[in-house]
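Asker: Sharing run14.pdb here; it has PDB, C-alpha atoms and all ligand atoms.
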ATOM      1  CA  MET A   1      70.014 225.875 103.002
ATOM      2  CA  ARG A   2      71.389 222.582 101.651
ATOM      3  CA  GLY A   3      73.712 221.018 104.215
ATOM      4  CA  LYS A   4      72.393 223.200 107.058
ATOM      5  CA  THR A   5      70.785 221.896 110.232
ATOM      6  CA  VAL A   6      67.905 223.917 111.665
ATOM      7  CA  VAL A   7      66.469 223.242 115.137
ATOM      8  CA  ILE A   8      62.948 224.641 115.549
ATOM      9  CA  THR A   9      60.395 224.591 118.373
ATOM     10  CA  GLY A  10      56.641 224.780 117.802
ATOM     11  CA  ALA A  11      56.672 223.419 114.248
ATOM     12  CA  THR A  12      53.529 221.303 114.760
ATOM     13  CA  SER A  13      51.326 224.306 114.031
ATOM     14  CA  GLY A  14      51.079 227.849 112.703
ATOM     15  CA  ILE A  15      54.057 229.895 111.578
ATOM     16  CA  GLY A  16      56.606 227.387 112.930
ATOM     17  CA  GLN A  17      55.108 224.669 110.756
ATOM     18  CA  VAL A  18      55.215 226.836 107.628
ATOM     19  CA  ALA A  19      58.778 227.965 108.384
ATOM     20  CA  ALA A  20      59.955 224.367 108.899
ATOM     21  CA  GLU A  21      58.367 223.211 105.644
ATOM     22  CA  LYS A  22      59.709 226.156 103.617
ATOM     23  CA  LEU A  23      63.227 225.679 105.027
ATOM     24  CA  ALA A  24      63.026 221.933 104.268
ATOM     25  CA  ALA A  25      61.963 222.754 100.709
ATOM     26  CA  MET A  26      65.068 224.987 100.513
ATOM     27  CA  GLY A  27      67.217 221.953 101.366
ATOM     28  CA  ALA A  28      67.683 222.344 105.138
ATOM     29  CA  ARG A  29      67.646 219.419 107.535
ATOM     30  CA  LEU A  30      65.105 220.047 110.297
ATOM     31  CA  VAL A  31      65.323 218.964 113.921
ATOM     32  CA  LEU A  32      61.934 219.493 115.533
ATOM     33  CA  VAL A  33      61.153 219.974 119.202
ATOM     34  CA  ALA A  34      57.495 219.106 119.867
ATOM     35  CA  ARG A  35      55.329 217.993 122.784
ATOM     36  CA  ASP A  36      52.551 216.105 121.013
ATOM     37  CA  LYS A  37      53.490 212.742 119.463
ATOM     38  CA  THR A  38      50.637 212.562 116.966
ATOM     39  CA  ARG A  39      51.209 216.075 115.604
ATOM     40  CA  GLY A  40      54.973 215.600 115.775
ATOM     41  CA  GLU A  41      55.016 212.378 113.736
ATOM     42  CA  ALA A  42      52.567 213.874 111.206
ATOM     43  CA  GLU A  43      54.855 216.877 110.714
ATOM     44  CA  LEU A  44      57.948 214.710 110.385
ATOM     45  CA  THR A  45      56.190 212.715 107.648
ATOM     46  CA  ARG A  46      55.249 215.937 105.817
ATOM     47  CA  LEU A  47      58.845 217.189 106.011
ATOM     48  CA  GLN A  48      60.212 213.870 104.797
ATOM     49  CA  ALA A  49      57.923 214.102 101.762
ATOM     50  CA  LEU A  50      59.372 217.531 100.943
ATOM     51  CA  SER A  51      62.986 216.353 100.979
ATOM     52  CA  SER A  52      64.787 213.493  99.318
ATOM     53  CA  GLY A  53      67.899 212.095 100.957
ATOM     54  CA  VAL A  54      67.563 214.336 104.034
ATOM     55  CA  ASN A  55      66.914 212.746 107.405
ATOM     56  CA  HIS A  56      64.823 215.134 109.487
ATOM     57  CA  SER A  57      64.432 214.275 113.150
ATOM     58  CA  ILE A  58      62.236 215.026 116.144
ATOM     59  CA  HIS A  59      62.661 215.271 119.923
ATOM     60  CA  TYR A  60      59.824 215.539 122.423
ATOM     61  CA  ALA A  61      59.553 217.915 125.365
ATOM     62  CA  ASP A  62      57.051 220.050 127.213
ATOM     63  CA  LEU A  63      58.901 223.360 126.923
ATOM     64  CA  SER A  64      57.106 224.856 129.925
ATOM     65  CA  ARG A  65      59.151 222.619 132.242
ATOM     66  CA  MET A  66      62.773 223.557 132.813
ATOM     67  CA  ALA A  67      63.979 219.986 133.392
ATOM     68  CA  GLU A  68      62.411 218.930 130.072
ATOM     69  CA  VAL A  69      64.065 221.801 128.206
ATOM     70  CA  LYS A  70      67.439 220.894 129.694
ATOM     71  CA  ARG A  71      66.922 217.221 128.855
ATOM     72  CA  VAL A  72      65.877 217.860 125.261
ATOM     73  CA  ALA A  73      68.767 220.300 124.750
ATOM     74  CA  ALA A  74      71.208 217.630 125.991
ATOM     75  CA  GLU A  75      69.598 215.023 123.698
ATOM     76  CA  ILE A  76      69.880 217.290 120.668
ATOM     77  CA  ALA A  77      73.448 218.327 121.562
ATOM     78  CA  ALA A  78      74.390 214.636 121.771
ATOM     79  CA  ALA A  79      72.835 213.879 118.378
ATOM     80  CA  GLU A  80      73.922 216.971 116.425
ATOM     81  CA  PRO A  81      77.592 217.923 116.171
ATOM     82  CA  ARG A  82      76.684 221.305 114.667
ATOM     83  CA  ILE A  83      73.583 223.464 114.460
ATOM     84  CA  ASP A  84      73.423 226.262 111.891
ATOM     85  CA  VAL A  85      70.133 227.814 112.966
ATOM     86  CA  LEU A  86      68.072 227.648 116.163
ATOM     87  CA  ILE A  87      64.519 228.981 115.880
ATOM     88  CA  ASN A  88      62.830 229.527 119.255
ATOM     89  CA  ASN A  89      59.204 229.803 118.201
ATOM     90  CA  ALA A  90      56.912 227.784 120.524
ATOM     91  CA  GLY A  91      54.698 230.079 122.556
ATOM     92  CA  ALA A  92      51.251 230.442 124.063
ATOM     93  CA  LEU A  93      48.769 232.744 125.792
ATOM     94  CA  PHE A  94      46.814 231.789 128.911
ATOM     95  CA  SER A  95      43.706 233.482 130.276
ATOM     96  CA  THR A  96      44.303 232.392 133.886
ATOM     97  CA  ARG A  97      47.440 232.268 136.003
ATOM     98  CA  GLN A  98      48.933 228.781 136.189
ATOM     99  CA  VAL A  99      52.110 227.727 137.925
ATOM    100  CA  THR A 100      54.500 225.066 136.626
ATOM    101  CA  ALA A 101      56.137 222.338 138.703
ATOM    102  CA  ASP A 102      59.165 224.669 138.892
ATOM    103  CA  GLY A 103      57.035 227.361 140.547
ATOM    104  CA  LEU A 104      57.116 229.590 137.460
ATOM    105  CA  GLU A 105      54.134 231.322 135.911
ATOM    106  CA  LEU A 106      53.251 229.272 132.807
ATOM    107  CA  THR A 107      53.494 232.033 130.156
ATOM    108  CA  PHE A 108      56.892 233.227 131.420
ATOM    109  CA  ALA A 109      58.123 229.613 131.598
ATOM    110  CA  THR A 110      56.916 228.621 128.127
ATOM    111  CA  ASN A 111      57.584 231.815 126.196
ATOM    112  CA  HIS A 112      60.785 233.069 127.810
ATOM    113  CA  MET A 113      62.566 230.471 129.956
ATOM    114  CA  SER A 114      62.392 227.796 127.226
ATOM    115  CA  TYR A 115      64.201 230.138 124.771
ATOM    116  CA  PHE A 116      66.792 230.974 127.435
ATOM    117  CA  ILE A 117      67.516 227.371 128.473
ATOM    118  CA  LEU A 118      67.359 225.712 125.045
ATOM    119  CA  THR A 119      69.767 228.242 123.536
ATOM    120  CA  HIS A 120      72.156 227.764 126.450
ATOM    121  CA  GLY A 121      72.031 223.981 126.019
ATOM    122  CA  LEU A 122      72.841 224.224 122.303
ATOM    123  CA  ARG A 123      75.491 226.970 122.531
ATOM    124  CA  ASP A 124      78.493 224.746 121.749
ATOM    125  CA  ARG A 125      76.748 223.190 118.752
ATOM    126  CA  LEU A 126      75.848 226.635 117.387
ATOM    127  CA  ARG A 127      79.425 227.838 117.850
ATOM    128  CA  ALA A 128      80.680 224.692 116.114
ATOM    129  CA  ALA A 129      78.668 225.723 113.038
ATOM    130  CA  ALA A 130      79.645 229.426 113.067
ATOM    131  CA  PRO A 131      78.508 231.470 111.274
ATOM    132  CA  ALA A 132      75.269 230.379 112.945
ATOM    133  CA  ARG A 133      72.003 232.119 113.858
ATOM    134  CA  VAL A 134      69.489 232.224 116.693
ATOM    135  CA  VAL A 135      66.042 233.457 115.660
ATOM    136  CA  ASN A 136      63.630 234.297 118.489
ATOM    137  CA  VAL A 137      59.955 234.776 117.691
ATOM    138  CA  ALA A 138      58.743 237.757 119.753
ATOM    139  CA  SER A 139      55.770 240.053 119.098
ATOM    140  CA  ASP A 140      54.546 243.622 118.870
ATOM    141  CA  ALA A 141      52.408 242.582 121.851
ATOM    142  CA  HIS A 142      55.404 243.817 123.888
ATOM    143  CA  LYS A 143      54.205 247.370 123.183
ATOM    144  CA  GLY A 144      52.961 249.143 126.301
ATOM    145  CA  GLU A 145      54.569 246.577 128.630
ATOM    146  CA  LYS A 146      57.331 246.963 131.198
ATOM    147  CA  LEU A 147      58.995 244.291 133.334
ATOM    148  CA  ASP A 148      58.422 244.295 137.078
ATOM    149  CA  PHE A 149      61.514 242.630 138.483
ATOM    150  CA  ASP A 150      59.778 242.226 141.836
ATOM    151  CA  ASP A 151      57.021 240.229 140.174
ATOM    152  CA  LEU A 152      58.338 238.357 137.118
ATOM    153  CA  GLN A 153      55.887 235.541 137.914
ATOM    154  CA  SER A 154      52.845 237.865 137.853
ATOM    155  CA  ALA A 155      51.787 236.772 141.328
ATOM    156  CA  LYS A 156      50.515 240.241 142.338
ATOM    157  CA  SER A 157      48.136 240.558 139.432
ATOM    158  CA  TYR A 158      47.422 238.510 136.327
ATOM    159  CA  ARG A 159      45.901 239.703 133.084
ATOM    160  CA  GLY A 160      46.538 237.222 130.271
ATOM    161  CA  LEU A 161      47.269 239.612 127.404
ATOM    162  CA  HIS A 162      49.602 241.759 129.533
ATOM    163  CA  VAL A 163      51.468 238.755 130.873
ATOM    164  CA  TYR A 164      51.822 237.493 127.300
ATOM    165  CA  GLY A 165      53.044 240.931 126.181
ATOM    166  CA  ARG A 166      55.645 240.953 128.957
ATOM    167  CA  SER A 167      56.873 237.476 127.935
ATOM    168  CA  LYS A 168      57.361 238.836 124.402
ATOM    169  CA  LEU A 169      59.206 241.851 125.855
ATOM    170  CA  CYS A 170      61.465 239.256 127.535
ATOM    171  CA  ASN A 171      62.115 237.699 124.097
ATOM    172  CA  ILE A 172      63.380 241.023 122.704
ATOM    173  CA  LEU A 173      65.459 241.928 125.775
ATOM    174  CA  TYR A 174      66.923 238.434 125.929
ATOM    175  CA  THR A 175      67.855 238.578 122.237
ATOM    176  CA  ARG A 176      69.639 241.930 122.704
ATOM    177  CA  GLU A 177      71.619 240.669 125.653
ATOM    178  CA  LEU A 178      72.445 237.368 123.908
ATOM    179  CA  ALA A 179      73.709 239.257 120.854
ATOM    180  CA  ARG A 180      75.832 241.517 123.060
ATOM    181  CA  ARG A 181      77.323 238.653 125.063
ATOM    182  CA  TRP A 182      77.989 236.411 122.063
ATOM    183  CA  GLU A 183      79.402 239.186 119.868
ATOM    184  CA  GLY A 184      82.443 237.834 118.044
ATOM    185  CA  SER A 185      81.462 234.167 118.587
ATOM    186  CA  GLY A 186      80.125 233.824 115.050
ATOM    187  CA  VAL A 187      76.576 233.238 116.359
ATOM    188  CA  THR A 188      74.076 236.043 115.791
ATOM    189  CA  ALA A 189      70.708 236.525 117.530
ATOM    190  CA  ASN A 190      67.701 238.463 116.266
ATOM    191  CA  SER A 191      64.033 238.607 117.217
ATOM    192  CA  LEU A 192      60.930 239.345 115.184
ATOM    193  CA  HIS A 193      57.257 240.167 115.054
ATOM    194  CA  PRO A 194      55.419 237.909 112.583
ATOM    195  CA  GLY A 195      52.320 240.136 112.303
ATOM    196  CA  PHE A 196      48.897 239.133 113.621
ATOM    197  CA  VAL A 197      48.511 235.668 112.150
ATOM    198  CA  SER A 198      45.614 233.259 111.867
ATOM    199  CA  THR A 199      46.998 230.120 113.553
ATOM    200  CA  ARG A 200      45.890 227.906 116.459
ATOM    201  CA  PHE A 201      47.307 230.626 118.732
ATOM    202  CA  GLY A 202      44.800 231.549 121.438
ATOM    203  CA  ASP A 203      42.547 228.553 120.803
ATOM    204  CA  GLN A 204      43.663 226.935 124.050
ATOM    205  CA  SER A 205      43.943 230.107 126.125
ATOM    206  CA  GLY A 206      40.592 229.547 127.769
ATOM    207  CA  GLY A 207      37.747 231.888 128.717
ATOM    208  CA  MET A 208      36.895 235.121 126.958
ATOM    209  CA  LEU A 209      40.456 235.446 125.694
ATOM    210  CA  SER A 210      40.058 232.463 123.317
ATOM    211  CA  PHE A 211      36.782 233.921 122.102
ATOM    212  CA  ALA A 212      38.290 237.390 121.540
ATOM    213  CA  VAL A 213      41.405 236.086 119.752
ATOM    214  CA  ARG A 214      39.260 233.840 117.538
ATOM    215  CA  ALA A 215      37.048 236.778 116.566
ATOM    216  CA  ALA A 216      40.077 238.995 115.843
ATOM    217  CA  LYS A 217      41.580 236.336 113.561
ATOM    218  CA  ALA A 218      39.105 237.376 110.871
ATOM    219  CA  PHE A 219      41.522 240.287 110.310
ATOM    220  CA  ALA A 220      44.732 238.277 110.595
ATOM    221  CA  ILE A 221      47.258 237.376 107.899
ATOM    222  CA  SER A 222      47.930 233.796 106.759
ATOM    223  CA  PRO A 223      50.579 231.568 108.423
ATOM    224  CA  GLU A 224      52.444 231.626 105.077
ATOM    225  CA  LYS A 225      52.795 235.408 105.319
ATOM    226  CA  GLY A 226      53.481 235.307 109.062
ATOM    227  CA  ALA A 227      56.357 232.871 108.624
ATOM    228  CA  GLY A 228      58.127 235.137 106.129
ATOM    229  CA  THR A 229      60.366 236.980 108.603
ATOM    230  CA  ILE A 230      61.370 233.752 110.386
ATOM    231  CA  ILE A 231      62.475 232.252 107.076
ATOM    232  CA  TYR A 232      64.249 235.475 106.109
ATOM    233  CA  LEU A 233      66.235 235.662 109.378
ATOM    234  CA  ALA A 234      67.044 231.954 109.246
ATOM    235  CA  SER A 235      68.215 231.824 105.672
ATOM    236  CA  SER A 236      68.858 235.085 103.853
ATOM    237  CA  ASP A 237      72.340 236.379 103.053
ATOM    238  CA  ASP A 238      71.075 239.923 103.749
ATOM    239  CA  ALA A 239      70.439 239.019 107.398
ATOM    240  CA  ALA A 240      73.732 237.176 107.897
ATOM    241  CA  GLN A 241      75.438 240.083 109.685
ATOM    242  CA  ALA A 242      72.390 241.362 111.597
ATOM    243  CA  ASN A 243      72.762 240.997 115.344
ATOM    244  CA  GLY A 244      70.606 242.017 118.298
ATOM    245  CA  LEU A 245      67.891 243.504 116.083
ATOM    246  CA  TYR A 246      64.099 243.248 116.035
ATOM    247  CA  TYR A 247      62.489 242.581 112.645
ATOM    248  CA  TYR A 248      59.064 242.968 111.123
ATOM    249  CA  LYS A 249      58.203 242.222 107.470
ATOM    250  CA  CYS A 250      61.842 241.222 106.819
ATOM    251  CA  ARG A 251      63.145 244.645 107.855
ATOM    252  CA  PRO A 252      64.682 245.947 111.066
ATOM    253  CA  ALA A 253      61.983 247.599 113.189
ATOM    254  CA  THR A 254      62.178 249.694 116.331
ATOM    255  CA  PRO A 255      60.762 248.050 119.443
ATOM    256  CA  THR A 256      59.644 250.173 122.399
ATOM    257  CA  LYS A 257      62.004 252.099 124.676
ATOM    258  CA  GLU A 258      61.463 249.397 127.335
ATOM    259  CA  ALA A 259      62.568 246.750 124.832
ATOM    260  CA  GLN A 260      65.804 248.662 124.183
ATOM    261  CA  ASP A 261      66.683 249.069 127.855
ATOM    262  CA  ASP A 262      70.047 247.361 128.269
ATOM    263  CA  ASP A 263      69.855 247.533 132.041
ATOM    264  CA  SER A 264      66.568 245.579 131.983
ATOM    265  CA  ALA A 265      68.105 243.117 129.538
ATOM    266  CA  ARG A 266      70.999 242.487 131.941
ATOM    267  CA  ARG A 267      68.690 242.126 134.937
ATOM    268  CA  LEU A 268      66.431 239.708 133.066
ATOM    269  CA  TRP A 269      69.471 237.668 132.053
ATOM    270  CA  GLN A 270      70.700 237.446 135.642
ATOM    271  CA  ALA A 271      67.236 236.569 136.978
ATOM    272  CA  SER A 272      66.814 233.886 134.297
ATOM    273  CA  GLU A 273      70.213 232.330 135.051
ATOM    274  CA  LYS A 274      69.264 232.153 138.704
ATOM    275  CA  LEU A 275      65.827 230.618 138.031
ATOM    276  CA  ALA A 276      67.253 228.057 135.607
ATOM    277  CA  GLY A 277      70.288 227.285 137.738
ATOM    278  CA  ILE A 278      72.630 227.766 134.783
ATOM    279  CA  ALA A 279      75.426 230.167 133.868
ATOM    280  CA  TYR A 280      76.020 230.959 130.204
TER     281      TYR A 280
HETATM  282  N1  LIG A 301      49.633 234.197 115.854
HETATM  283  C1  LIG A 301      49.987 235.464 116.049
HETATM  284  O1  LIG A 301      49.263 236.408 115.710
HETATM  285  C2  LIG A 301      51.319 235.794 116.668
HETATM  286  C3  LIG A 301      51.684 237.150 116.741
HETATM  287  C4  LIG A 301      52.902 237.487 117.306
HETATM  288  C5  LIG A 301      53.729 236.474 117.780
HETATM  289  N2  LIG A 301      53.347 235.175 117.704
HETATM  290  C6  LIG A 301      54.269 234.166 118.229
HETATM  291  O2  LIG A 301      54.504 233.186 117.240
HETATM  292  C7  LIG A 301      54.897 231.956 117.852
HETATM  293  C8  LIG A 301      54.153 230.809 117.188
HETATM  294  O3  LIG A 301      52.768 230.975 117.399
HETATM  295  P1  LIG A 301      51.641 230.527 116.357
HETATM  296  O4  LIG A 301      50.823 231.732 116.075
HETATM  297  O5  LIG A 301      52.215 229.761 115.232
HETATM  298  O6  LIG A 301      50.770 229.614 117.347
HETATM  299  P2  LIG A 301      50.254 228.088 117.317
HETATM  300  O7  LIG A 301      49.642 227.761 116.007
HETATM  301  O8  LIG A 301      49.424 227.955 118.537
HETATM  302  O9  LIG A 301      51.600 227.240 117.486
HETATM  303  C9  LIG A 301      52.302 227.227 118.700
HETATM  304  C10 LIG A 301      53.318 226.105 118.663
HETATM  305  O10 LIG A 301      54.013 226.098 119.942
HETATM  306  C11 LIG A 301      53.926 224.789 120.485
HETATM  307  N3  LIG A 301      53.920 224.835 121.947
HETATM  308  C12 LIG A 301      53.137 225.613 122.758
HETATM  309  N4  LIG A 301      53.386 225.330 124.049
HETATM  310  C13 LIG A 301      54.336 224.368 124.071
HETATM  311  C14 LIG A 301      54.983 223.659 125.103
HETATM  312  N5  LIG A 301      54.702 223.865 126.391
HETATM  313  N6  LIG A 301      55.910 222.731 124.771
HETATM  314  C15 LIG A 301      56.197 222.485 123.469
HETATM  315  N7  LIG A 301      55.614 223.122 122.438
HETATM  316  C16 LIG A 301      54.684 224.038 122.743
HETATM  317  C17 LIG A 301      52.621 224.224 119.947
HETATM  318  O11 LIG A 301      52.626 222.817 120.067
HETATM  319  P3  LIG A 301      51.238 221.939 119.978
HETATM  320  O12 LIG A 301      51.035 221.638 118.524
HETATM  321  O13 LIG A 301      51.560 220.722 120.782
HETATM  322  O14 LIG A 301      50.134 222.771 120.568
HETATM  323  C18 LIG A 301      52.684 224.726 118.506
HETATM  324  O15 LIG A 301      53.537 223.902 117.733
HETATM  325  C19 LIG A 301      54.638 232.131 119.349
HETATM  326  O16 LIG A 301      55.859 232.405 120.004
HETATM  327  C20 LIG A 301      53.736 233.362 119.418
HETATM  328  O17 LIG A 301      53.899 234.076 120.626
HETATM  329  C21 LIG A 301      52.165 234.813 117.156
END
Can the structure from this file be put into structure tokens for me?
Ligand SMILES: NC(=O)c1ccc[n+]([C@@H]2O[C@H](COP(=O)([O-])OP(=O)(O)OC[C@H]3O[C@@H](n4cnc5c(N)ncnc54)[C@H](OP(=O)(O)O)[C@@H]3O)[C@@H](O)[C@H]2O)c1

Answerer:
Amino acid sequence: MRGKTVVITGATSGIGQVAAEKLAAMGARLVLVARDKTRGEAELTRLQALSSGVNHSIHYADLSRMAEVKRVAAEIAAAEPRIDVLINNAGALFSTRQVTADGLELTFATNHMSYFILTHGLRDRLRAAAPARVVNVASDAHKGEKLDFDDLQSAKSYRGLHVYGRSKLCNILYTRELARRWEGSGVTANSLHPGFVSTRFGDQSGGMLSFAVRAAKAFAISPEKGAGTIIYLASSDDAAQANGLYYYKCRPATPTKEAQDDDSARRLWQASEKLAGIAY
């Protein structure tokens, strides 16, 4: 990874943190997108200690807010002439329905719209580095879920785990459509399930959900193991040609029928463009 620039979100914790540190140890230069200054600076210091002569950098944004995602994408695009890998990883689960300043449901905004807008904002820099890669962290939590295009903001009913699962279904559908649309550009896009991992995930969800996730973590794998497929998709020669696929344990896996529905993928794309006020 020497000489490569990797942009990653959510590297102040969990699998994103492990992936960033492993990629830095492999020689990559990391550009972090974080929201918390204390955790962000601490991570930058850790990365700097892993690399000699490589200048990692950090940009701050709350990725649940569309204006912030657009701003941070523009900042990064201005600072980085080329980006070899973009890892959309930041994500969260919320026990109660919350609405952002943009009028979006918070899980959908954080877990899906941030991937959609950040990737759009960095598209020219990814193309400038072709062959380049987009790696989207999704989840097997998409299983059993289906998108309701009349209620993408979960206003009719809200159940935290289902809304989370649908946001992860969005990640897989978005990745398929991105891969299809960018075919031939030299930029590939793949998504993945990291496994059930013991991280800070769920700690801030609130209510019984935090309690349940914490209890379940006794059976979870380590962040080191969970980060494996991110690192593989970001760096391995084997994955260089892969495009539009869903991975688990460093191998292509089959997501649900709903996650392979190209009509849904197109509709989600169009709805997301409209909500974000952008055209790819
Ligand atoms: N853990 C699992 O079992 C599991 C399973 C399947 C998929 N995943 C997916 O893996 C990804 C990483 O999760 P994790 O398990 O590593 O969780 P984590 O330890 O909670 O880390 C989440 C990261 O996302 C960042 N983040 C959350 N909301 C943000 C926002 N609004 N703006 C900017 N950054 C934000 C957090 O920043 P702060 O440090 O500021 O909080 C943190 O760096 C997520 O997409 C999740 O859906 C996890």

Asker: What residues come out when you apply the PyMOL selection byres (((not hetatm)) within 8 of (chain A and resi 301)) to this file, written as an MDAnalysis selection string?

Answerer: chainID A and resid 9:17 33:36 39:40 60:65 88:93 110:111 137:141 164 168 193:203 217 220 223 226

Asker: Between A:Ser272, A:Ser205, A:Ser191, A:Asn55, which is the closest to Thr107 (chain A) once you count all atoms listed in the file?

Answerer: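 Result for the nearest residue to Thr107 (chain A): A:Ser205.
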
Asker: Can you list every residue of region 126-207 of chain A that has an atom at most 8 Å from region 248-261 of chain A, with its nearest atom pair and the distance in Å to one decimal, using only C-alpha atoms, ordered by chain then number, as a Markdown table?

Answerer:
| residue | atom | partner | partner_atom | distance |
| --- | --- | --- | --- | --- |
| A:Asp140 | CA | A:Pro255 | CA | 7.7 |
| A:His142 | CA | A:Thr256 | CA | 7.8 |
| A:Lys143 | CA | A:Thr256 | CA | 6.2 |
| A:Gly144 | CA | A:Thr256 | CA | 7.8 |
| A:Glu145 | CA | A:Glu258 | CA | 7.6 |
| A:Lys146 | CA | A:Glu258 | CA | 6.2 |
| A:Leu169 | CA | A:Ala259 | CA | 6.0 |
| A:Ile172 | CA | A:Ala259 | CA | 6.2 |
| A:Leu173 | CA | A:Ala259 | CA | 5.7 |
| A:Arg176 | CA | A:Gln260 | CA | 7.9 |
| A:Leu192 | CA | A:Tyr248 | CA | 5.8 |
| A:His193 | CA | A:Tyr248 | CA | 5.2 |
| A:Pro194 | CA | A:Tyr248 | CA | 6.4 |
| A:Gly195 | CA | A:Tyr248 | CA | 7.4 |

Asker: Enumerate, as a PyMOL selection string, the residues matched when the PyMOL selection byres (((chain A and resi 44-51) around 9) and not hetatm) is run on the file above.

Answerer: chain A and resi 20-21+24-30+32+39-43+52-58

Asker: Using only C-alpha atoms, which residue out of A:Arg82, A:Arg214, A:Lys22, A:Lys37 lies closest to Gly3 (chain A)?

Answerer: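 Going through A:Arg82, A:Arg214, A:Lys22, A:Lys37 one by one, the smallest distance to Gly3 (chain A) is for A:Arg82.
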
Asker: Write out as number ranges by chain which residues come within 12 Å of Gly103 (chain A) when counting all atoms listed in the file, dropping same-chain ones fewer than 4 positions away.

Answerer: A: 64-66, 97-99, 107-109, 152-155, 275-276

Asker: Could you tell me how far CA of Arg127 (chain A) sits from CA of Ala242 (chain A), in Å to one decimal place?

Answerer: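 Calculated distance between CA of Ala242 (chain A) and CA of Arg127 (chain A) is 16.5 Å.
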
Asker: I want to know what sits within 10 Å of Tyr174 (chain A), based on all atoms listed in the file, with residues of the same chain fewer than 3 positions away left out; could you give that as a PDB file with C-alpha atoms, in the frame of the given file?

Answerer:
ATOM      1  CA  HIS A 112      60.785 233.069 127.810  1.00  0.00           C
ATOM      2  CA  MET A 113      62.566 230.471 129.956  1.00  0.00           C
ATOM      3  CA  TYR A 115      64.201 230.138 124.771  1.00  0.00           C
ATOM      4  CA  PHE A 116      66.792 230.974 127.435  1.00  0.00           C
ATOM      5  CA  ASN A 136      63.630 234.297 118.489  1.00  0.00           C
ATOM      6  CA  LYS A 168      57.361 238.836 124.402  1.00  0.00           C
ATOM      7  CA  LEU A 169      59.206 241.851 125.855  1.00  0.00           C
ATOM      8  CA  CYS A 170      61.465 239.256 127.535  1.00  0.00           C
ATOM      9  CA  ASN A 171      62.115 237.699 124.097  1.00  0.00           C
ATOM     10  CA  GLU A 177      71.619 240.669 125.653  1.00  0.00           C
ATOM     11  CA  LEU A 178      72.445 237.368 123.908  1.00  0.00           C
ATOM     12  CA  ALA A 179      73.709 239.257 120.854  1.00  0.00           C
ATOM     13  CA  ARG A 180      75.832 241.517 123.060  1.00  0.00           C
ATOM     14  CA  ALA A 189      70.708 236.525 117.530  1.00  0.00           C
ATOM     15  CA  ASN A 190      67.701 238.463 116.266  1.00  0.00           C
ATOM     16  CA  SER A 191      64.033 238.607 117.217  1.00  0.00           C
ATOM     17  CA  GLY A 244      70.606 242.017 118.298  1.00  0.00           C
ATOM     18  CA  ALA A 259      62.568 246.750 124.832  1.00  0.00           C
ATOM     19  CA  ASP A 262      70.047 247.361 128.269  1.00  0.00           C
ATOM     20  CA  SER A 264      66.568 245.579 131.983  1.00  0.00           C
ATOM     21  CA  ALA A 265      68.105 243.117 129.538  1.00  0.00           C
ATOM     22  CA  ARG A 266      70.999 242.487 131.941  1.00  0.00           C
ATOM     23  CA  ARG A 267      68.690 242.126 134.937  1.00  0.00           C
ATOM     24  CA  LEU A 268      66.431 239.708 133.066  1.00  0.00           C
ATOM     25  CA  TRP A 269      69.471 237.668 132.053  1.00  0.00           C
ATOM     26  CA  SER A 272      66.814 233.886 134.297  1.00  0.00           C
TER      27      SER A 272
END

Asker: If you measure from CA of Ser236 (chain A) to CA of Thr119 (chain A), what distance in Å do you get, rounded to one decimal?

Answerer: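 Rounded to one decimal, the two atoms are 20.9 Å apart.
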
Asker: Would you compute the distance between CA of Gly121 (chain A) and CA of Ala73 (chain A)? Give it in Å to one decimal.

Answerer: 5.1 Å

Asker: Just need the box for region 49-59 of chain A, edges along x, y and z, holding every atom the file lists for it with 5 Å tacked onto each side, so centre and edge lengths in Å to one decimal, as JSON.

Answerer:
{"center_x": 62.9, "center_y": 214.8, "center_z": 109.6, "size_x": 20.0, "size_y": 15.4, "size_z": 30.6}

Asker: For Ser235 (chain A), which of A:Met1, A:Ala74, A:Tyr247, A:Ala216 is the closest residue, counting only C-alpha atoms?

Answerer: A:Met1

Asker: Find, counting all atoms listed in the file, the residue in A:Val6, A:Ile87, A:Ile117, A:Ala79 that gets nearest to Ala227 (chain A).

Answerer: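 Under the stated criterion, the closest residue is A:Ile87.
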
Asker: In terms of the shortest atom-to-atom distance over all atoms listed in the file, which of A:Glu68, A:Glu105, A:Glu273, A:Glu224 is closest to Arg166 (chain A)?

Answerer: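 Ranked by minimum distance to Arg166 (chain A), first place goes to A:Glu105.
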
Asker: Which residue, A:Glu75, A:Thr100, A:Asp263, A:Asn243, has the smallest gap to Gly184 (chain A) when you use only C-alpha atoms?

Answerer: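 For Gly184 (chain A), the nearest of the given residues is A:Asn243.
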
Asker: Just so the selection is clear, what residues does the PyMOL selection byres (((chain A and resi 185) around 10) and not hetatm) cover here, as JSON, numbers by chain?

Answerer: {"A": [126, 127, 128, 130, 131, 132, 179, 181, 182, 183, 184, 186, 187, 188]}

Asker: Report as a list of chain:residue names all protein, DNA and RNA residues lying within 7 Å of Val85 (chain A), evaluated on only C-alpha atoms, omitting residues in the same chain fewer than 5 positions from it.

Answerer: A:Thr5, A:Val6, A:Val7, A:Ala132, A:Arg133, A:Val134, A:Ala234
